[in-house]
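**Student:** This is entry34.txt, which holds compact mmCIF, C-alpha atoms:
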# COMPACT_ATOMS: atom_id res chain seq x y z
CA MET J 12 -53.30 -80.63 -5.20
CA LYS J 13 -49.75 -80.29 -3.89
CA ARG J 14 -48.63 -78.71 -7.20
CA LEU J 15 -51.44 -76.17 -6.90
CA LEU J 16 -50.38 -75.15 -3.41
CA THR J 17 -46.72 -74.86 -4.47
CA TRP J 18 -47.63 -72.73 -7.48
CA THR J 19 -49.87 -70.51 -5.33
CA ARG J 20 -47.09 -69.88 -2.82
CA GLY J 21 -44.59 -69.02 -5.58
CA ALA J 22 -47.04 -66.67 -7.20
CA ALA J 23 -47.62 -64.90 -3.87
CA VAL J 24 -43.89 -64.33 -3.43
CA TRP J 25 -43.60 -62.84 -6.94
CA VAL J 26 -46.62 -60.63 -6.34
CA VAL J 27 -45.09 -59.25 -3.15
CA ALA J 28 -41.75 -58.64 -4.92
CA ALA J 29 -43.48 -56.90 -7.82
CA ALA J 30 -45.43 -54.70 -5.46
CA ALA J 31 -42.20 -53.70 -3.70
CA VAL J 32 -40.51 -52.85 -7.00
CA ALA J 33 -43.51 -50.82 -8.10
CA ALA J 34 -43.57 -48.87 -4.85
CA ALA J 35 -39.86 -48.07 -5.22
CA GLY J 36 -40.40 -46.88 -8.77
CA VAL J 37 -43.20 -44.57 -7.72
CA ALA J 38 -40.99 -43.08 -5.00
CA LEU J 39 -38.12 -42.48 -7.41
CA ALA J 40 -40.45 -40.95 -9.95
CA GLN J 41 -41.71 -38.48 -7.35
CA ASP J 42 -38.16 -37.45 -6.35
CA ALA J 43 -36.96 -37.03 -9.92
CA PRO J 44 -37.06 -33.49 -11.38
CA PRO J 45 -39.57 -32.72 -14.10
CA GLY J 46 -38.51 -34.06 -17.48
CA ALA J 47 -36.10 -36.64 -16.04
CA ALA J 48 -36.47 -40.31 -16.77
CA PRO J 49 -38.14 -42.35 -14.01
CA GLY J 50 -35.66 -44.09 -11.75
CA THR J 51 -32.85 -41.59 -12.27
CA ARG J 52 -31.37 -39.92 -9.18
CA PRO J 53 -31.70 -36.17 -8.89
CA VAL J 54 -28.48 -34.30 -9.61
CA ALA J 55 -27.58 -31.44 -7.28
CA THR J 56 -27.55 -28.21 -9.21
CA GLN J 57 -25.73 -25.00 -8.28
CA PRO J 58 -27.50 -21.68 -8.48
CA ALA J 59 -26.77 -19.80 -11.63
CA PRO J 60 -24.30 -16.97 -11.06
CA THR J 61 -25.94 -13.60 -10.82
CA THR J 62 -24.60 -10.62 -12.69
CA GLU J 63 -25.84 -8.12 -10.07
CA GLU J 64 -22.96 -6.24 -8.39
CA THR J 65 -22.87 -4.81 -4.86
CA PRO J 66 -23.67 -1.08 -4.99
CA ARG J 67 -20.66 1.07 -4.15
CA MET J 68 -20.77 4.09 -1.87
CA SER J 69 -18.48 7.07 -1.62
CA PHE J 70 -16.54 7.75 1.58
CA LEU J 71 -18.89 10.61 2.47
CA GLU J 72 -21.98 8.45 1.92
CA LEU J 73 -20.50 5.78 4.15
CA LEU J 74 -19.83 8.28 6.94
CA LEU J 75 -23.38 9.60 6.72
CA LYS J 76 -24.60 6.12 7.64
CA GLY J 77 -23.29 6.81 11.15
CA ARG J 78 -25.99 9.46 11.62
CA TRP J 79 -25.69 12.00 14.44
CA PHE J 80 -22.95 10.05 16.24
CA MET J 81 -20.61 11.29 13.51
CA ILE J 82 -21.09 14.91 14.67
CA PRO J 83 -18.93 14.69 17.86
CA ILE J 84 -16.42 12.53 15.97
CA GLY J 85 -16.23 15.22 13.28
CA LEU J 86 -15.70 17.91 15.94
CA CYS J 87 -12.86 15.83 17.40
CA SER J 88 -11.27 15.62 13.96
CA LEU J 89 -11.44 19.42 13.57
CA ALA J 90 -9.92 19.97 17.03
CA GLY J 91 -7.14 17.49 16.32
CA LEU J 92 -6.39 19.08 12.94
CA ALA J 93 -6.21 22.57 14.47
CA ILE J 94 -3.80 21.44 17.21
CA ILE J 95 -1.61 19.56 14.73
CA LEU J 96 -1.28 22.59 12.44
CA GLU J 97 -0.55 24.90 15.37
CA ARG J 98 2.15 22.61 16.80
CA LEU J 99 3.74 22.06 13.39
CA LEU J 100 4.26 25.82 13.13
CA ALA J 101 5.31 26.33 16.76
CA LEU J 102 7.83 23.48 16.87
CA ARG J 103 9.84 24.48 13.82
CA ARG J 104 13.53 24.61 14.67
CA ARG J 105 14.04 28.13 13.31
CA THR J 106 11.17 29.26 15.53
CA VAL J 107 12.57 27.72 18.73
CA ILE J 108 16.34 27.93 18.13
CA PRO J 109 17.24 30.22 15.22
CA GLU J 110 20.36 29.27 13.31
CA GLY J 111 23.47 31.00 14.67
CA PHE J 112 21.63 32.75 17.52
CA MET J 113 24.08 31.89 20.28
CA ALA J 114 27.13 32.81 18.17
CA ALA J 115 25.60 36.20 17.30
CA LEU J 116 24.68 36.76 20.96
CA LYS J 117 28.26 36.15 22.06
CA GLN J 118 29.55 38.51 19.37
CA ALA J 119 27.17 41.26 20.51
CA TYR J 120 28.33 40.74 24.09
CA ASP J 121 32.04 40.77 23.26
CA ARG J 122 31.79 43.66 20.74
CA ALA J 123 30.28 45.92 23.42
CA GLY J 124 33.16 45.20 25.79
CA ARG J 125 31.31 42.37 27.55
CA ASP J 126 28.38 44.62 28.33
CA PRO J 127 25.35 42.60 29.52
CA GLN J 128 22.98 45.31 28.31
CA ALA J 129 24.12 44.86 24.70
CA ALA J 130 23.55 41.10 24.90
CA LEU J 131 20.19 41.70 26.58
CA ALA J 132 19.11 44.07 23.81
CA TYR J 133 20.07 41.56 21.13
CA ALA J 134 18.15 38.76 22.90
CA ARG J 135 15.05 40.92 23.14
CA GLU J 136 15.16 41.66 19.43
CA HIS J 137 14.92 37.92 18.68
CA ASP J 138 11.90 36.72 20.64
CA CYS J 139 12.12 32.93 20.74
CA PRO J 140 12.41 30.24 23.47
CA ILE J 141 16.21 30.12 23.48
CA ALA J 142 16.37 33.96 23.56
CA ARG J 143 14.07 34.05 26.60
CA VAL J 144 16.28 31.50 28.35
CA ALA J 145 19.37 33.57 27.58
CA THR J 146 17.62 36.75 28.75
CA ALA J 147 16.90 35.18 32.13
CA GLY J 148 20.55 34.23 32.52
CA ILE J 149 21.92 37.61 31.37
CA ARG J 150 19.83 39.41 33.98
CA LYS J 151 21.56 37.41 36.69
CA LEU J 152 25.09 38.16 35.50
CA GLY J 153 27.15 39.66 38.27
CA ARG J 154 25.33 37.78 41.04
CA GLY J 155 27.35 34.60 40.86
CA GLU J 156 27.36 31.49 38.71
CA GLU J 157 24.81 29.69 40.87
CA HIS J 158 22.22 32.44 40.37
CA VAL J 159 22.81 32.44 36.62
CA GLU J 160 22.47 28.66 36.40
CA LYS J 161 19.28 28.66 38.48
CA ALA J 162 17.74 31.38 36.29
CA VAL J 163 18.61 29.46 33.11
CA GLU J 164 17.11 26.22 34.49
CA ASP J 165 13.87 27.90 35.57
CA ALA J 166 13.45 29.70 32.25
CA GLY J 167 14.23 26.50 30.36
CA ALA J 168 11.61 24.52 32.29
CA ASN J 169 9.04 27.24 31.55
CA GLU J 170 9.83 27.16 27.83
CA VAL J 171 9.61 23.35 27.72
CA SER J 172 6.12 23.51 29.24
CA LYS J 173 5.16 25.97 26.49
CA LEU J 174 6.50 23.59 23.84
CA ARG J 175 4.21 20.86 25.22
CA ARG J 176 1.15 23.10 25.10
CA HIS J 177 -2.02 21.47 23.75
CA LEU J 178 -0.42 18.02 23.58
CA ARG J 179 -2.61 16.80 26.42
CA MET J 180 -5.68 17.89 24.47
CA LEU J 181 -4.32 16.16 21.37
CA TYR J 182 -3.97 12.93 23.32
CA GLY J 183 -7.52 13.43 24.62
CA VAL J 184 -8.83 13.62 21.04
CA ALA J 185 -7.02 10.36 20.20
CA ALA J 186 -8.55 8.67 23.26
CA VAL J 187 -12.10 10.00 23.01
CA SER J 188 -12.70 9.53 19.26
CA PRO J 189 -12.71 5.69 19.23
CA MET J 190 -14.82 5.67 22.41
CA LEU J 191 -17.43 7.82 20.68
CA GLY J 192 -17.31 5.45 17.71
CA LEU J 193 -17.78 2.45 19.98
CA LEU J 194 -20.72 4.14 21.67
CA GLY J 195 -22.36 4.71 18.28
CA THR J 196 -21.74 1.07 17.32
CA VAL J 197 -23.33 -0.23 20.52
CA TRP J 198 -26.35 2.00 19.98
CA GLY J 199 -26.67 0.83 16.37
CA MET J 200 -26.39 -2.84 17.39
CA ILE J 201 -29.18 -2.35 19.91
CA GLU J 202 -31.38 -0.88 17.20
CA ALA J 203 -30.45 -3.64 14.73
CA PHE J 204 -31.37 -6.45 17.12
CA GLN J 205 -34.52 -4.61 18.14
CA VAL J 206 -35.62 -4.54 14.49
CA ALA J 207 -34.65 -8.20 14.08
CA SER J 208 -36.70 -9.20 17.11
CA ALA J 209 -39.71 -7.29 15.79
CA LYS J 210 -39.48 -8.55 12.18
CA GLY J 211 -38.28 -12.06 13.00
CA LEU J 212 -34.91 -13.73 12.67
CA GLY J 213 -35.85 -14.88 9.18
CA ARG J 214 -35.13 -11.35 7.88
CA ALA J 215 -31.35 -11.64 8.02
CA GLU J 216 -30.87 -8.77 5.57
CA LEU J 217 -32.36 -6.33 8.07
CA LEU J 218 -29.95 -7.46 10.78
CA ALA J 219 -26.95 -7.32 8.44
CA THR J 220 -27.87 -3.81 7.27
CA GLY J 221 -28.22 -2.58 10.84
CA ILE J 222 -24.88 -4.07 11.87
CA TYR J 223 -22.88 -2.59 8.99
CA LYS J 224 -24.41 0.84 9.64
CA ALA J 225 -23.55 0.51 13.33
CA LEU J 226 -19.90 -0.24 12.55
CA VAL J 227 -19.54 3.00 10.57
CA THR J 228 -19.12 5.03 13.77
CA THR J 229 -16.29 2.82 15.00
CA PHE J 230 -14.63 3.21 11.60
CA GLY J 231 -14.98 6.98 11.83
CA GLY J 232 -13.59 7.11 15.37
CA LEU J 233 -10.54 5.04 14.46
CA THR J 234 -10.00 7.11 11.31
CA VAL J 235 -9.68 10.20 13.50
CA ALA J 236 -7.76 8.63 16.41
CA ILE J 237 -4.97 6.83 14.51
CA PRO J 238 -3.40 9.85 12.70
CA VAL J 239 -3.89 12.07 15.77
CA LEU J 240 -2.05 9.56 17.95
CA ILE J 241 0.76 9.31 15.38
CA PHE J 242 1.23 13.10 15.45
CA TYR J 243 1.10 13.10 19.26
CA TYR J 244 4.11 10.79 19.53
CA TYR J 245 5.84 12.63 16.69
CA PHE J 246 5.56 15.89 18.63
CA LEU J 247 6.84 14.25 21.82
CA GLY J 248 9.93 13.04 19.99
CA LYS J 249 10.51 16.43 18.37
CA ILE J 250 10.17 18.22 21.71
CA ASP J 251 12.73 15.89 23.28
CA THR J 252 15.17 16.70 20.45
CA ILE J 253 14.59 20.45 20.91
CA VAL J 254 15.03 20.20 24.69
CA HIS J 255 18.38 18.44 24.28
CA GLU J 256 19.56 21.14 21.89
CA MET J 257 18.37 23.88 24.23
CA ASN J 258 20.34 22.26 27.04
CA ASP J 259 23.46 22.29 24.86
CA GLN J 260 22.86 25.97 24.04
CA SER J 261 22.36 26.75 27.72
CA MET J 262 25.64 25.04 28.61
CA GLU J 263 27.37 27.07 25.90
CA PHE J 264 25.84 30.20 27.38
CA MET J 265 27.06 29.29 30.86
CA VAL J 266 30.57 28.52 29.68
CA HIS J 267 30.96 31.81 27.79
CA PHE J 268 29.00 34.40 29.78
CA ALA J 269 29.49 33.12 33.30
CA ALA J 270 33.19 32.44 32.67
CA ALA J 271 33.63 35.91 31.18
CA GLU J 272 31.86 37.45 34.17
CA ALA J 273 34.10 35.50 36.54
CA ALA J 274 37.18 36.60 34.61
CA ALA J 275 36.06 40.24 34.76
CA GLY J 276 35.55 39.94 38.48
CA ALA J 277 38.99 38.42 38.96
CA GLU J 278 40.55 41.17 36.87
CA GLY J 279 38.84 43.78 38.98
CA ASP J 280 40.18 42.19 42.14
CA ALA J 281 43.70 42.12 40.70
CA HIS J 282 43.57 45.82 39.79
CA PRO J 283 41.58 47.51 42.58
CA LYS J 284 40.58 51.10 42.10
CA LYS J 285 42.55 53.67 44.05
Could you render the structure as structure tokens?

**Tutor:**
Amino acid sequence: MKRLLTWTRGAAVWVVAAAAVAAAGVALAQDAPPGAAPGTRPVATQPAPTTEETPRMSFLELLLKGRWFMIPIGLCSLAGLAIILERLLALRRRTVIPEGFMAALKQAYDRAGRDPQAALAYAREHDCPIARVATAGIRKLGRGEEHVEKAVEDAGANEVSKLRRHLRMLYGVAAVSPMLGLLGTVWGMIEAFQVASAKGLGRAELLATGIYKALVTTFGGLTVAIPVLIFYYYFLGKIDTIVHEMNDQSMEFMVHFAAAEAAAGAEGDAHPKK
């Protein structure tokens, strides 16, 4: 009787163990991929590489993604280009200070017996900023060195303001273009998230498409602003160089013409007319 009870207890333990092993086998078989041997662990597989390439767009096609926000940015680019071309022509050295102008002006003045009218006629024949400065000084000859110097300074300041013409507008183009691009990006982001909220966050491709289209306007604005800003500072530096050279030419004018006028006045005092 005792042997029977002992055998029954041992059999129950083995039955429970067998049932546990069977349950584990069923679970492994369900987790295994089709065609795999039961009891083997599933192996993580990587997705097969796709041969599909990202479609490429031309630069014009990319800009068209910015829609009507690209219109004011395009107008800014045209305005900036027009100002840059105009300033490149106006700030040429031979246009502002022709080579050998001051030397030829002094020769015309001395050849005519230090006649201011001969120098004035020569300056009028060569219409340029430095000629207009010299003209203002020549007209004041005979009234004292202070009057000549004041006339040269006033004419020089007027010509410098003409050299800086349109630069403020050029800086405005460089400042406004990226702001227009940012405005277009904000508007596009609003539309992208509005579509995402309507379609559901599970449609990530819709959100990504909306965002990359929205960023096109910022790209366009920066594309216009960066070269325009570079030319703006280039023109400022060139104008400073021209102004320094005009000051040197003005000093040369003062030394020669005003000194000659003073010498003529002193000679007249030494030999008064009878």

**Student:** At most 9 Å from (-16.5, 3.1, 18.1), file frame, only C-alpha atoms: which residues, as a PDB file with C-alpha atoms, keeping the file's coordinate frame?

**Tutor:**
ATOM      1  CA  SER J 188     -12.700   9.530  19.260  1.00  0.00           C
ATOM      2  CA  PRO J 189     -12.710   5.690  19.230  1.00  0.00           C
ATOM      3  CA  MET J 190     -14.820   5.670  22.410  1.00  0.00           C
ATOM      4  CA  LEU J 191     -17.430   7.820  20.680  1.00  0.00           C
ATOM      5  CA  GLY J 192     -17.310   5.450  17.710  1.00  0.00           C
ATOM      6  CA  LEU J 193     -17.780   2.450  19.980  1.00  0.00           C
ATOM      7  CA  LEU J 194     -20.720   4.140  21.670  1.00  0.00           C
ATOM      8  CA  GLY J 195     -22.360   4.710  18.280  1.00  0.00           C
ATOM      9  CA  THR J 196     -21.740   1.070  17.320  1.00  0.00           C
ATOM     10  CA  VAL J 197     -23.330  -0.230  20.520  1.00  0.00           C
ATOM     11  CA  ALA J 225     -23.550   0.510  13.330  1.00  0.00           C
ATOM     12  CA  LEU J 226     -19.900  -0.240  12.550  1.00  0.00           C
ATOM     13  CA  VAL J 227     -19.540   3.000  10.570  1.00  0.00           C
ATOM     14  CA  THR J 228     -19.120   5.030  13.770  1.00  0.00           C
ATOM     15  CA  THR J 229     -16.290   2.820  15.000  1.00  0.00           C
ATOM     16  CA  PHE J 230     -14.630   3.210  11.600  1.00  0.00           C
ATOM     17  CA  GLY J 231     -14.980   6.980  11.830  1.00  0.00           C
ATOM     18  CA  GLY J 232     -13.590   7.110  15.370  1.00  0.00           C
ATOM     19  CA  LEU J 233     -10.540   5.040  14.460  1.00  0.00           C
TER      20      LEU J 233
END

**Student:** Out of J:Ala185, J:Val159, J:Leu152, J:Ile108, which residue has the shortest atom-to-atom distance to J:His255 when counting all atoms listed in the file?

**Tutor:**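 With all atoms listed in the file as the atom set, the closest residue is J:Ile108.
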
**Student:** May I have the residues at most 9 Å from (-7.9, 9.5, 18.6) in the file's coordinates, counting all atoms listed in the file, as a list of chain:residue names?

**Tutor:**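 Residues lying no farther than 9 Å from the given point: J:Cys87, J:Ser88, J:Gly91, J:Leu181, J:Tyr182, J:Gly183, J:Val184, J:Ala185, J:Ala186, J:Val187, J:Ser188, J:Pro189, J:Met190, J:Gly232, J:Leu233, J:Thr234, J:Val235, J:Ala236, J:Ile237, J:Pro238, J:Val239, J:Leu240.
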
**Student:** Find, counting only C-alpha atoms, the residue in J:Ile250, J:Ala101, J:Met257, J:Ala209 that gets nearest to J:Arg143.

**Tutor:**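 Of all the options, J:Met257 lies closest to J:Arg143.
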
**Student:** Here is a test: counting all atoms listed in the file, which residue of J:Arg176, J:Arg103, J:Arg98, J:Arg150 is nearest to J:Ile253?

**Tutor:**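 Using all atoms listed in the file, the shortest distance to J:Ile253 belongs to J:Arg103.
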
**Student:** So that I can check the surroundings of J:Lys161, please list as a PyMOL selection string every protein, DNA and RNA residue that reaches within 12 Å of it, counting only C-alpha atoms and ignoring chain neighbours fewer than 3 positions away.

**Tutor:** chain J and resi 144-145+147-152+154-158+164-168+261+265

**Student:** Quote the spacing between atom CA of J:Ile82 and atom CA of J:Tyr243 in Å to one decimal place.

**Tutor:**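 Atom CA of J:Tyr243 lies 22.7 Å from atom CA of J:Ile82.
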
**Student:** Could you tell me how far atom CA of J:Ala114 sits from atom CA of J:Ala130, in Å to one decimal place?

**Tutor:**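 Calculated distance between atom CA of J:Ala130 and atom CA of J:Ala114 is 11.3 Å.
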